[in-house]
file run27.txt (compact mmCIF, C-alpha atoms)
# COMPACT_ATOMS: atom_id res chain seq x y z
CA MET H 1 75.93 22.72 3.25
CA ALA H 2 75.74 19.19 1.92
CA LYS H 3 74.81 17.90 5.39
CA ARG H 4 71.91 20.39 5.67
CA LYS H 5 70.56 19.30 2.32
CA LYS H 6 70.74 15.69 3.44
CA ASN H 7 68.70 16.46 6.56
CA GLU H 8 66.00 18.22 4.55
CA GLU H 9 65.54 15.24 2.27
CA ALA H 10 65.05 12.72 5.07
CA GLU H 11 61.67 11.07 4.51
CA ILE H 12 59.18 10.87 7.32
CA GLU H 13 56.94 7.84 6.91
CA ALA H 14 53.40 8.05 8.19
CA ASN H 15 52.40 5.26 10.55
CA LEU H 16 49.56 3.62 8.67
CA LEU H 17 48.94 0.79 11.12
CA PRO H 18 46.22 2.53 13.22
CA VAL H 19 44.41 3.56 10.03
CA MET H 20 44.63 0.01 8.74
CA ASN H 21 43.24 -1.31 12.02
CA ILE H 22 40.17 0.91 11.71
CA MET H 23 39.74 -0.02 8.05
CA PHE H 24 39.82 -3.73 8.87
CA LEU H 25 37.18 -3.24 11.55
CA LEU H 26 35.03 -1.24 9.15
CA ILE H 27 34.99 -3.99 6.52
CA PRO H 28 33.00 -6.62 8.50
CA ALA H 29 30.73 -3.93 9.93
CA LEU H 30 29.87 -2.66 6.45
CA LEU H 31 29.58 -6.16 5.04
CA MET H 32 26.90 -6.92 7.62
CA ALA H 33 24.89 -3.84 6.67
CA MET H 34 25.41 -4.34 2.95
CA GLU H 35 22.43 -4.37 0.63
CA PHE H 36 22.94 -7.26 -1.76
CA ALA H 37 19.75 -6.57 -3.69
CA SER H 38 17.94 -3.29 -3.50
CA MET H 39 14.48 -3.63 -2.07
CA ALA H 40 11.39 -1.66 -2.95
CA ALA H 41 7.87 -1.47 -1.60
CA ILE H 42 4.40 -1.76 -3.09
CA ASN H 43 1.76 -0.35 -0.79
CA VAL H 44 -1.52 -2.23 -0.90
CA SER H 45 -4.83 -1.80 0.78
CA PRO H 46 -6.12 -4.70 2.87
CA PRO H 47 -8.43 -7.32 1.41
CA LYS H 48 -12.10 -6.69 1.19
CA PHE H 49 -14.18 -9.81 1.17
CA SER H 50 -16.86 -9.62 -1.47
CA ALA H 51 -19.17 -12.30 -0.06
CA ALA H 52 -21.90 -9.85 0.95
CA PRO H 53 -23.93 -8.19 -1.82
CA SER H 54 -22.64 -4.74 -2.64
CA GLU H 55 -24.58 -1.75 -1.36
CA ALA H 56 -26.73 0.20 -3.77
CA PRO H 57 -25.18 3.52 -4.79
CA PRO H 58 -26.64 6.63 -3.11
CA GLU H 59 -29.50 8.33 -4.94
CA GLU H 60 -27.71 11.68 -5.54
CA LYS H 61 -24.95 9.96 -7.50
CA LYS H 62 -27.30 8.47 -10.06
CA ASP H 63 -27.03 11.38 -12.46
CA GLU H 64 -23.26 11.68 -12.25
CA GLN H 65 -20.84 9.79 -14.49
CA LYS H 66 -20.36 6.22 -13.34
CA PRO H 67 -17.08 5.80 -11.46
CA LEU H 68 -14.47 3.62 -13.14
CA ASP H 69 -14.22 1.06 -10.31
CA LEU H 70 -11.61 -0.95 -12.19
CA LYS H 71 -11.37 -4.57 -11.15
CA VAL H 72 -8.91 -7.15 -12.40
CA PHE H 73 -9.37 -10.79 -11.62
CA ILE H 74 -6.36 -13.02 -12.25
CA MET H 75 -7.60 -16.40 -13.38
CA GLU H 76 -5.51 -19.41 -14.24
CA ASP H 77 -6.43 -18.87 -17.91
CA GLY H 78 -6.04 -15.10 -18.14
CA TYR H 79 -7.38 -11.78 -16.85
CA ARG H 80 -10.98 -10.78 -16.37
CA VAL H 81 -11.22 -7.00 -16.48
CA GLU H 82 -14.25 -5.19 -15.16
CA ALA H 83 -14.94 -1.44 -15.23
CA SER H 84 -17.96 0.46 -13.96
CA GLY H 85 -19.54 -2.85 -12.98
CA GLN H 86 -19.39 -4.13 -16.54
CA GLN H 87 -17.08 -6.92 -17.57
CA GLU H 88 -14.99 -6.17 -20.63
CA GLY H 89 -16.16 -8.19 -23.61
CA ALA H 90 -19.41 -9.26 -21.97
CA GLU H 91 -22.79 -8.28 -23.32
CA ALA H 92 -23.73 -4.74 -22.23
CA GLY H 93 -26.03 -4.60 -19.26
CA LYS H 94 -25.02 -8.02 -18.03
CA ALA H 95 -22.48 -7.52 -15.28
CA ALA H 96 -19.74 -10.12 -15.05
CA ASP H 97 -21.71 -12.61 -17.05
CA SER H 98 -18.85 -14.32 -18.73
CA SER H 99 -16.47 -16.82 -17.20
CA LYS H 100 -14.12 -16.36 -20.14
CA PRO H 101 -11.08 -14.15 -19.64
CA THR H 102 -10.99 -10.66 -21.16
CA ILE H 103 -7.27 -11.05 -21.85
CA GLY H 104 -6.07 -14.56 -22.57
CA LEU H 105 -2.71 -16.05 -21.71
CA ALA H 106 0.41 -15.02 -23.56
CA LYS H 107 1.74 -18.56 -23.16
CA ALA H 108 -1.21 -20.92 -23.33
CA GLY H 109 -0.62 -24.19 -21.53
CA ALA H 110 2.34 -22.90 -19.52
CA PRO H 111 2.45 -23.98 -15.87
CA LEU H 112 1.47 -21.56 -13.08
CA ASP H 113 5.08 -21.15 -11.97
CA ASP H 114 5.98 -19.77 -15.41
CA PHE H 115 5.52 -16.12 -14.51
CA GLU H 116 5.55 -14.99 -18.15
CA ARG H 117 2.37 -16.92 -18.96
CA TYR H 118 0.15 -13.83 -18.58
CA ASP H 119 -0.18 -11.15 -21.25
CA TYR H 120 1.15 -8.19 -19.26
CA ASP H 121 1.54 -6.02 -22.37
CA ALA H 122 -2.14 -6.32 -23.22
CA LEU H 123 -3.12 -5.57 -19.62
CA GLU H 124 -0.88 -2.49 -19.55
CA ALA H 125 -2.41 -1.28 -22.81
CA LYS H 126 -5.89 -1.75 -21.33
CA ALA H 127 -4.86 0.20 -18.19
CA LYS H 128 -3.56 3.00 -20.42
CA GLU H 129 -6.89 3.12 -22.27
CA TYR H 130 -8.85 3.42 -19.02
CA LYS H 131 -6.46 6.02 -17.66
CA LYS H 132 -7.16 8.22 -20.68
CA LEU H 133 -10.89 8.05 -19.92
CA PHE H 134 -10.49 8.47 -16.15
CA PRO H 135 -7.30 10.47 -15.58
CA ASN H 136 -7.98 11.08 -11.88
CA ASP H 137 -8.54 7.44 -10.98
CA VAL H 138 -5.56 5.67 -9.38
CA THR H 139 -7.06 2.67 -7.61
CA VAL H 140 -7.63 -0.81 -8.94
CA LYS H 141 -9.14 -3.78 -7.17
CA ILE H 142 -7.20 -6.96 -7.75
CA SER H 143 -8.30 -10.46 -6.96
CA ALA H 144 -7.04 -13.83 -8.06
CA GLU H 145 -7.70 -17.50 -8.03
CA ALA H 146 -6.30 -19.35 -5.02
CA ASN H 147 -3.32 -20.92 -6.78
CA VAL H 148 -2.04 -17.81 -8.56
CA PRO H 149 1.56 -17.21 -7.41
CA MET H 150 2.65 -13.94 -5.80
CA GLN H 151 5.12 -13.13 -8.61
CA SER H 152 2.25 -13.08 -11.14
CA LEU H 153 0.28 -10.81 -8.80
CA ILE H 154 3.21 -8.40 -8.41
CA THR H 155 3.88 -8.27 -12.17
CA THR H 156 0.16 -7.66 -12.75
CA MET H 157 0.34 -4.74 -10.30
CA ASP H 158 3.38 -3.44 -12.20
CA ALA H 159 1.49 -3.65 -15.52
CA LEU H 160 -1.54 -1.85 -14.09
CA ALA H 161 0.67 0.88 -12.61
CA GLY H 162 2.64 1.14 -15.85
CA ARG H 163 5.98 -0.56 -16.12
CA THR H 164 7.79 2.74 -16.68
CA CYS H 165 6.04 4.36 -13.72
CA LYS H 166 8.42 5.57 -11.02
CA ILE H 167 6.57 6.82 -7.98
CA GLY H 168 9.46 6.73 -5.51
CA LYS H 169 9.99 10.49 -5.61
CA PHE H 170 6.25 11.16 -5.46
CA MET H 171 6.02 9.01 -2.32
CA LYS H 172 8.78 11.09 -0.74
CA GLY H 173 6.85 14.22 -1.66
CA THR H 174 9.55 15.70 -3.85
CA GLU H 175 7.79 15.31 -7.21
CA ASP H 176 4.30 15.11 -8.68
CA ILE H 177 2.92 11.83 -9.91
CA PRO H 178 4.46 11.06 -13.33
CA ALA H 179 2.18 10.99 -16.38
CA ASP H 180 3.10 7.39 -17.21
CA CYS H 181 1.61 6.06 -13.97
CA TYR H 182 -1.85 4.57 -14.41
CA PHE H 183 -3.40 2.62 -11.52
CA TRP H 184 -0.73 2.51 -8.87
CA GLN H 185 -2.90 2.04 -5.78
CA PRO H 186 -3.94 -1.62 -5.68
CA ILE H 187 -6.59 -2.96 -3.35
CA ILE H 188 -6.43 -6.67 -2.75
CA GLU H 189 -9.79 -8.35 -2.78
CA GLY H 190 -10.31 -11.76 -1.28
CA GLY H 191 -13.20 -14.17 -1.33
CA ALA H 192 -12.37 -15.52 -4.74
CA GLY H 193 -11.74 -19.01 -3.55
CA MET Q 1 96.04 -39.25 -1.19
CA THR Q 2 93.32 -41.85 -1.31
CA PRO Q 3 89.91 -40.92 -2.76
CA GLU Q 4 88.37 -41.10 0.75
CA GLN Q 5 90.94 -38.63 2.09
CA GLN Q 6 90.23 -36.30 -0.86
CA THR Q 7 86.49 -36.33 -0.10
CA GLN Q 8 87.15 -35.69 3.59
CA ALA Q 9 89.41 -32.70 2.75
CA ALA Q 10 86.77 -31.21 0.43
CA HIS Q 11 84.12 -31.63 3.11
CA ASP Q 12 86.34 -29.92 5.74
CA ALA Q 13 87.01 -27.03 3.37
CA PHE Q 14 83.27 -26.63 2.75
CA LEU Q 15 82.50 -26.57 6.47
CA LYS Q 16 85.28 -24.02 7.10
CA LYS Q 17 83.92 -21.75 4.39
CA LYS Q 18 80.41 -22.08 5.80
CA LYS Q 19 81.59 -21.13 9.28
CA GLU Q 20 83.42 -18.10 7.86
CA LYS Q 21 80.32 -16.97 6.03
CA ALA Q 22 78.21 -17.40 9.17
CA ALA Q 23 80.71 -15.37 11.21
CA ALA Q 24 80.68 -12.59 8.59
CA ARG Q 25 76.91 -12.57 8.62
CA ARG Q 26 76.80 -12.34 12.41
CA GLN Q 27 78.99 -9.27 12.37
CA LYS Q 28 76.73 -7.42 9.95
CA PRO Q 29 73.92 -5.32 11.58
CA GLU Q 30 70.51 -6.95 11.09
CA GLU Q 31 68.35 -5.30 8.43
CA LYS Q 32 64.80 -4.50 9.49
CA ALA Q 33 62.26 -5.99 7.08
CA GLU Q 34 59.44 -3.61 6.29
CA LEU Q 35 56.03 -4.48 4.92
CA GLY Q 36 54.84 -2.42 1.95
CA MET Q 37 51.70 -0.84 3.36
CA THR Q 38 50.79 1.50 0.50
CA SER Q 39 49.39 -1.10 -1.88
CA LEU Q 40 47.45 -2.80 0.90
CA MET Q 41 46.07 0.56 1.98
CA ASP Q 42 44.90 1.22 -1.61
CA ILE Q 43 43.01 -2.07 -1.77
CA VAL Q 44 41.39 -1.63 1.62
CA SER Q 45 40.37 1.97 0.84
CA ILE Q 46 38.68 0.92 -2.41
CA LEU Q 47 36.89 -1.88 -0.57
CA VAL Q 48 35.65 0.44 2.17
CA ILE Q 49 34.36 3.00 -0.36
CA TYR Q 50 32.53 0.26 -2.31
CA LEU Q 51 30.94 -1.09 0.87
CA LEU Q 52 29.94 2.39 2.00
CA LYS Q 53 28.21 2.92 -1.36
CA SER Q 54 26.19 -0.27 -1.02
CA TYR Q 55 25.33 0.46 2.61
CA ALA Q 56 21.65 -0.25 3.21
CA SER Q 57 19.95 3.04 3.93
CA ASP Q 58 16.45 1.61 4.36
CA PRO Q 59 15.04 1.82 7.88
CA VAL Q 60 14.32 -1.91 7.85
CA VAL Q 61 16.95 -4.44 6.87
CA ILE Q 62 15.24 -7.41 5.26
CA ASN Q 63 17.12 -10.68 5.53
CA PRO Q 64 15.10 -13.29 3.63
CA THR Q 65 14.79 -16.74 5.18
CA ALA Q 66 16.68 -19.66 3.65
CA GLY Q 67 15.37 -20.62 0.23
CA GLN Q 68 13.01 -17.67 0.00
CA LYS Q 69 12.74 -15.98 -3.38
CA ILE Q 70 11.38 -12.46 -3.02
CA PRO Q 71 9.28 -11.35 -6.03
CA LEU Q 72 10.81 -9.00 -8.58
CA SER Q 73 9.18 -5.72 -9.53
CA VAL Q 74 9.76 -2.44 -11.35
CA ALA Q 75 8.45 -0.53 -8.31
CA ASP Q 76 10.88 2.00 -6.87
CA ALA Q 77 9.20 3.28 -3.71
CA SER Q 78 11.44 2.82 -0.67
CA ILE Q 79 10.43 0.66 2.27
CA ARG Q 80 9.13 2.60 5.26
CA ASP Q 81 9.50 1.50 8.84
CA GLY Q 82 7.28 -1.41 9.83
CA MET Q 83 7.18 -4.97 11.15
CA PRO Q 84 8.32 -7.58 8.63
CA VAL Q 85 6.57 -10.92 8.30
CA PHE Q 86 8.25 -13.59 6.19
CA VAL Q 87 5.75 -15.72 4.29
CA THR Q 88 7.21 -18.55 2.24
CA VAL Q 89 5.90 -21.78 0.79
CA ARG Q 90 7.39 -23.57 3.82
CA GLY Q 91 6.17 -21.43 6.68
CA ILE Q 92 5.42 -18.05 8.20
CA THR Q 93 8.05 -16.36 10.35
CA PHE Q 94 7.32 -13.30 12.46
CA MET Q 95 9.67 -11.68 14.96
CA ASP Q 96 12.26 -14.43 14.34
CA LYS Q 97 9.77 -17.15 15.32
CA LYS Q 98 8.43 -19.69 12.87
CA LEU Q 99 4.77 -19.66 13.77
CA VAL Q 100 3.11 -21.55 10.95
CA THR Q 101 4.21 -24.49 8.84
CA MET Q 102 2.78 -25.11 5.42
CA THR Q 103 1.53 -28.32 3.84
CA ALA Q 104 3.39 -29.89 0.93
CA ASP Q 105 1.08 -27.96 -1.44
CA GLY Q 106 2.16 -24.63 0.05
CA ASP Q 107 -1.11 -24.02 1.91
CA VAL Q 108 -1.41 -23.10 5.58
CA ASP Q 109 -2.07 -26.13 7.78
CA PRO Q 110 -5.92 -26.33 7.75
CA ALA Q 111 -5.94 -26.92 11.53
CA MET Q 112 -4.48 -23.44 12.03
CA VAL Q 113 -6.95 -21.52 9.84
CA GLN Q 114 -10.54 -20.67 10.57
CA ASN Q 115 -12.43 -18.32 8.22
CA HIS Q 116 -9.19 -16.90 6.78
CA LEU Q 117 -7.83 -16.24 10.31
CA ILE Q 118 -4.50 -17.94 11.04
CA GLY Q 119 -4.64 -18.58 14.82
CA PRO Q 120 -0.98 -18.58 15.94
CA LEU Q 121 -0.17 -15.69 13.62
CA PHE Q 122 -3.08 -13.63 14.94
CA ASP Q 123 -1.89 -14.12 18.56
CA SER Q 124 1.61 -13.01 17.70
CA PHE Q 125 0.41 -10.07 15.58
CA SER Q 126 -1.89 -8.89 18.38
CA GLU Q 127 0.86 -9.15 20.99
CA GLU Q 128 3.35 -7.17 18.91
CA ALA Q 129 0.72 -4.63 17.88
CA ASP Q 130 -0.14 -4.02 21.54
CA LYS Q 131 3.54 -3.56 22.41
CA ALA Q 132 4.09 -1.19 19.52
CA LYS Q 133 0.96 0.81 20.39
CA GLN Q 134 2.09 1.19 23.99
CA MET Q 135 5.55 2.31 22.89
CA THR Q 136 4.22 4.93 20.50
CA GLU Q 137 1.73 6.14 23.12
CA ASN Q 138 4.58 6.68 25.57
CA ARG Q 139 6.41 8.68 22.92
CA GLY Q 140 3.31 10.72 22.24
CA THR Q 141 2.99 9.62 18.62
CA GLU Q 142 0.43 7.61 16.72
CA TRP Q 143 0.99 3.99 15.78
CA GLU Q 144 1.11 3.62 12.01
CA GLY Q 145 0.43 -0.12 12.09
CA ARG Q 146 2.49 -0.94 9.04
CA LEU Q 147 3.19 -4.56 8.15
CA ILE Q 148 5.85 -5.45 5.59
CA ILE Q 149 5.01 -8.69 3.83
CA VAL Q 150 8.14 -10.40 2.61
CA GLY Q 151 6.63 -13.03 0.37
CA ASP Q 152 7.85 -15.65 -2.01
CA GLN Q 153 7.54 -15.79 -5.78
CA LEU Q 154 5.58 -19.05 -5.53
CA LEU Q 155 3.39 -18.04 -2.59
CA LYS Q 156 -0.27 -18.77 -3.31
CA PHE Q 157 -2.75 -15.90 -3.46
CA SER Q 158 -5.04 -17.68 -0.99
CA THR Q 159 -2.26 -17.79 1.64
CA LEU Q 160 -1.42 -14.16 1.03
CA VAL Q 161 -5.05 -13.14 1.53
CA ASP Q 162 -5.21 -15.13 4.78
CA VAL Q 163 -2.11 -13.35 6.10
CA LEU Q 164 -3.50 -9.93 5.11
CA TYR Q 165 -6.86 -10.73 6.70
CA THR Q 166 -5.21 -11.96 9.93
CA ALA Q 167 -3.08 -8.81 10.12
CA GLY Q 168 -6.13 -6.64 9.52
CA ARG Q 169 -7.93 -8.35 12.42
CA ALA Q 170 -4.88 -7.65 14.61
CA GLU Q 171 -5.36 -3.93 13.84
CA PHE Q 172 -2.56 -3.50 11.31
CA LYS Q 173 -3.68 -0.74 8.98
CA GLU Q 174 -1.06 -0.42 6.27
CA PHE Q 175 0.38 -3.20 4.18
CA THR Q 176 3.49 -3.19 2.07
CA PHE Q 177 4.77 -5.91 -0.23
CA CYS Q 178 8.54 -6.15 -0.15
CA VAL Q 179 9.96 -6.70 -3.64
CA ILE Q 180 13.37 -6.74 -5.26
CA LYS Q 181 13.93 -3.95 -7.74
CA LYS Q 182 14.37 -5.35 -11.24
CA GLY Q 183 17.84 -4.48 -12.47
CA GLY Q 184 18.56 -2.76 -9.17

call {"tool": "encode", "arguments": {"input": "run27.txt", "output": "structure tokens"}}
result
Amino acid sequence: MAKRKKNEEAEIEANLLPVMNIMFLLIPALLMAMEFASMAAINVSPPKFSAAPSEAPPEEKKDEQKPLDLKVFIMEDGYRVEASGQQEGAEAGKAADSSKPTIGLAKAGAPLDDFERYDYDALEAKAKEYKKLFPNDVTVKISAEANVPMQSLITTMDALAGRTCKIGKFMKGTEDIPADCYFWQPIIEGGAG
Amino acid sequence: MTPEQQTQAAHDAFLKKKKEKAAARRQKPEEKAELGMTSLMDIVSILVIYLLKSYASDPVVINPTAGQKIPLSVADASIRDGMPVFVTVRGITFMDKKLVTMTADGDVDPAMVQNHLIGPLFDSFSEEADKAKQMTENRGTEWEGRLIIVGDQLLKFSTLVDVLYTAGRAEFKEFTFCVIKKGG
């Protein structure tokens, strides 16, 4: 009786070596495919060079409401914002007649590589204002001075789209566009020197 | 007994005892040393699960070039399949080939640019676009012509526009800026 009990209690140890071998092979394979920083994408439309004079609008559209046609120009001393062919802050009727920025710098005198020099909050507030007036508009034309760094351009795009805007699910087609997204389709315009 | 003789006797006794111990040890069956696998298995399993969780699921794996700082953004749209071009303040790399070198100011070498068109980059873009078009034609699908621009935080807008213009001339139709998710 005692012998039978002894036999029943004998432990059978699983051979873990083959499993360990696979695990050790998996580690370098996974390390190679590891994502150290998660990447995202901003889709942009190609540059349009504005050297040629713009075409006159078709006759039948004259009576309709002017389209927003939002344009943001990133200058070294701030943003110049233009809507419906009229620069913000400029005298009415005179299109883009001011070389002064519509939104000044948040950090005046900061070097170009200080990416916080621009007033992104003010720009986002402006985008929100325009979105209220033109809820169906999603495009914005962005141009910049030659030396403006890419990080400032990207953060400007973020501000114009709304910094709480998450369009990932919309892009996959699983959700509608969130209400806190303003102008999330940027068009890069060149020819600004 | 002299002190030398005493020392010799003690030494002999020590050796005798040592031999006895060795003989006793030899008679004992050798014990098999076993490695504790369980704890090691736990560590490795946790490591594998962590790595599986951070496995890159994007269709394109972006490996930035040395010293490149990809811009940060709050954007959350995932990267779709396309050809990546690495544009830094030192040079432009496409299909693992450094095609363009920049000046000390971070501009494209003026000898390589003509009316916003970067010559060597245009040739390479056109060649790859033709290959990709042929491949998609053989598969019976349409070429999307998507270019992923992996830029640098300090990249000048003028350089970026030149790259976009060159790609547009090489019949690329869709452009995507690759960014790093803030807090992601």

call {"tool": "closest_atom_pairs", "arguments": {"input": "run27.txt", "of": "region 101-149 of chain H", "to": "region 143-166 of chain Q", "cutoff": "10 Å", "atoms": "all atoms listed in the file", "output": "JSON lines"}}
result
{"residue": "H:Leu112", "atom": "CA", "partner": "Q:Leu154", "partner_atom": "CA", "distance": 9.0}
{"residue": "H:Asp113", "atom": "CA", "partner": "Q:Leu154", "partner_atom": "CA", "distance": 6.8}
{"residue": "H:Asp114", "atom": "CA", "partner": "Q:Leu154", "partner_atom": "CA", "distance": 9.9}
{"residue": "H:Phe115", "atom": "CA", "partner": "Q:Gln153", "partner_atom": "CA", "distance": 9.0}
{"residue": "H:Ser143", "atom": "CA", "partner": "Q:Phe157", "partner_atom": "CA", "distance": 8.5}
{"residue": "H:Ala144", "atom": "CA", "partner": "Q:Phe157", "partner_atom": "CA", "distance": 6.6}
{"residue": "H:Glu145", "atom": "CA", "partner": "Q:Phe157", "partner_atom": "CA", "distance": 6.9}
{"residue": "H:Ala146", "atom": "CA", "partner": "Q:Ser158", "partner_atom": "CA", "distance": 4.5}
{"residue": "H:Asn147", "atom": "CA", "partner": "Q:Lys156", "partner_atom": "CA", "distance": 5.1}
{"residue": "H:Val148", "atom": "CA", "partner": "Q:Phe157", "partner_atom": "CA", "distance": 5.5}
{"residue": "H:Pro149", "atom": "CA", "partner": "Q:Lys156", "partner_atom": "CA", "distance": 4.8}

call {"tool": "interface_residues", "arguments": {"input": "run27.txt", "of": "chain Q", "to": "chain H", "cutoff": "8 Å", "atoms": "all atoms listed in the file", "output": "PyMOL selection string"}}
result
chain Q and resi 37+41+44-45+47-48+51-52+54-56+61+71-79+151-161+164-165+168+173-181+184

call {"tool": "atom_distance", "arguments": {"input": "run27.txt", "atom1": "CA of Ser84 (chain H)", "atom2": "CA of Glu124 (chain H)"}}
result
18.2 Å

call {"tool": "atom_distance", "arguments": {"input": "run27.txt", "atom1": "CA of Lys98 (chain Q)", "atom2": "CA of Glu128 (chain Q)"}}
result
14.8 Å

call {"tool": "residues_around", "arguments": {"input": "run27.txt", "residues": "Asp69 (chain H)", "least_positions_apart": "4", "cutoff": "10 Å", "atoms": "all atoms listed in the file", "output": "PyMOL selection string"}}
result
chain H and resi 82-86+137-141

call {"tool": "closest_residue", "arguments": {"input": "run27.txt", "among": "H:Phe134, H:Ile187, H:Ile103, H:Pro178", "to": "Lys71 (chain H)", "atoms": "all atoms listed in the file"}}
result
H:Ile187

call {"tool": "atom_distance", "arguments": {"input": "run27.txt", "atom1": "CA of Ala179 (chain H)", "atom2": "CA of Leu123 (chain H)"}}
result
17.7 Å

call {"tool": "residues_around", "arguments": {"input": "run27.txt", "residues": "Tyr118 (chain H)", "least_positions_apart": "6", "cutoff": "7 Å", "atoms": "all atoms listed in the file", "output": "PyMOL selection string"}}
result
chain H and resi 78+105-107

call {"tool": "axis_aligned_box", "arguments": {"input": "run27.txt", "around": "region 24-28 of chain H", "padding_each_side": "5 Å", "output": "lines of an AutoDock Vina configuration file"}}
result
center_x = 36.4
center_y = -3.9
center_z = 9.0
size_x = 16.8
size_y = 15.4
size_z = 15.0

call {"tool": "residues_around", "arguments": {"input": "run27.txt", "residues": "Ser124 (chain Q)", "least_positions_apart": "6", "cutoff": "9 Å", "atoms": "all atoms listed in the file", "output": "VMD selection string"}}
result
chain Q and resid 94 to 95 99 170

call {"tool": "residues_around", "arguments": {"input": "run27.txt", "residues": "Lys128 (chain H)", "least_positions_apart": "3", "cutoff": "9 Å", "atoms": "all atoms listed in the file", "output": "PDB file with C-alpha atoms, keeping the file's coordinate frame"}}
result
ATOM      1  CA  LEU H 123      -3.120  -5.570 -19.620  1.00  0.00           C
ATOM      2  CA  GLU H 124      -0.880  -2.490 -19.550  1.00  0.00           C
ATOM      3  CA  ALA H 125      -2.410  -1.280 -22.810  1.00  0.00           C
ATOM      4  CA  LYS H 131      -6.460   6.020 -17.660  1.00  0.00           C
ATOM      5  CA  LYS H 132      -7.160   8.220 -20.680  1.00  0.00           C
ATOM      6  CA  LEU H 133     -10.890   8.050 -19.920  1.00  0.00           C
ATOM      7  CA  LEU H 160      -1.540  -1.850 -14.090  1.00  0.00           C
ATOM      8  CA  GLY H 162       2.640   1.140 -15.850  1.00  0.00           C
ATOM      9  CA  ASP H 180       3.100   7.390 -17.210  1.00  0.00           C
ATOM     10  CA  CYS H 181       1.610   6.060 -13.970  1.00  0.00           C
ATOM     11  CA  TYR H 182      -1.850   4.570 -14.410  1.00  0.00           C
ATOM     12  CA  PHE H 183      -3.400   2.620 -11.520  1.00  0.00           C
TER      13      PHE H 183
END

call {"tool": "build_atoms", "arguments": {"input": "run27.txt", "residues": "region 63-74 of chain Q", "atoms": "N, CA and C atoms", "output": "short mmCIF file (atom, residue, chain, number, x, y, z; two decimals), in the frame of the given file"}}
result
data_model
loop_
_atom_site.label_atom_id
_atom_site.label_comp_id
_atom_site.auth_asym_id
_atom_site.auth_seq_id
_atom_site.Cartn_x
_atom_site.Cartn_y
_atom_site.Cartn_z
N ASN Q 63 16.28 -9.51 5.78
CA ASN Q 63 17.12 -10.68 5.53
C ASN Q 63 16.20 -11.87 5.24
N PRO Q 64 16.03 -12.21 3.96
CA PRO Q 64 15.10 -13.29 3.63
C PRO Q 64 15.50 -14.61 4.30
N THR Q 65 14.50 -15.43 4.58
CA THR Q 65 14.79 -16.74 5.18
C THR Q 65 15.39 -17.66 4.11
N ALA Q 66 15.99 -18.75 4.57
CA ALA Q 66 16.68 -19.66 3.65
C ALA Q 66 15.73 -20.18 2.58
N GLY Q 67 16.16 -20.09 1.35
CA GLY Q 67 15.37 -20.62 0.23
C GLY Q 67 14.25 -19.73 -0.24
N GLN Q 68 14.10 -18.57 0.39
CA GLN Q 68 13.01 -17.67 0.00
C GLN Q 68 13.41 -16.84 -1.23
N LYS Q 69 12.49 -16.78 -2.18
CA LYS Q 69 12.74 -15.98 -3.38
C LYS Q 69 11.76 -14.82 -3.38
N ILE Q 70 12.25 -13.65 -3.08
CA ILE Q 70 11.38 -12.46 -3.02
C ILE Q 70 10.98 -12.07 -4.44
N PRO Q 71 9.70 -11.72 -4.66
CA PRO Q 71 9.28 -11.35 -6.03
C PRO Q 71 10.03 -10.14 -6.58
N LEU Q 72 10.14 -10.12 -7.89
CA LEU Q 72 10.81 -9.00 -8.58
C LEU Q 72 9.76 -8.01 -9.07
N SER Q 73 10.13 -6.74 -9.09
CA SER Q 73 9.18 -5.72 -9.53
C SER Q 73 9.92 -4.51 -10.08
N VAL Q 74 9.17 -3.70 -10.84
CA VAL Q 74 9.76 -2.44 -11.35
C VAL Q 74 9.49 -1.28 -10.38
#
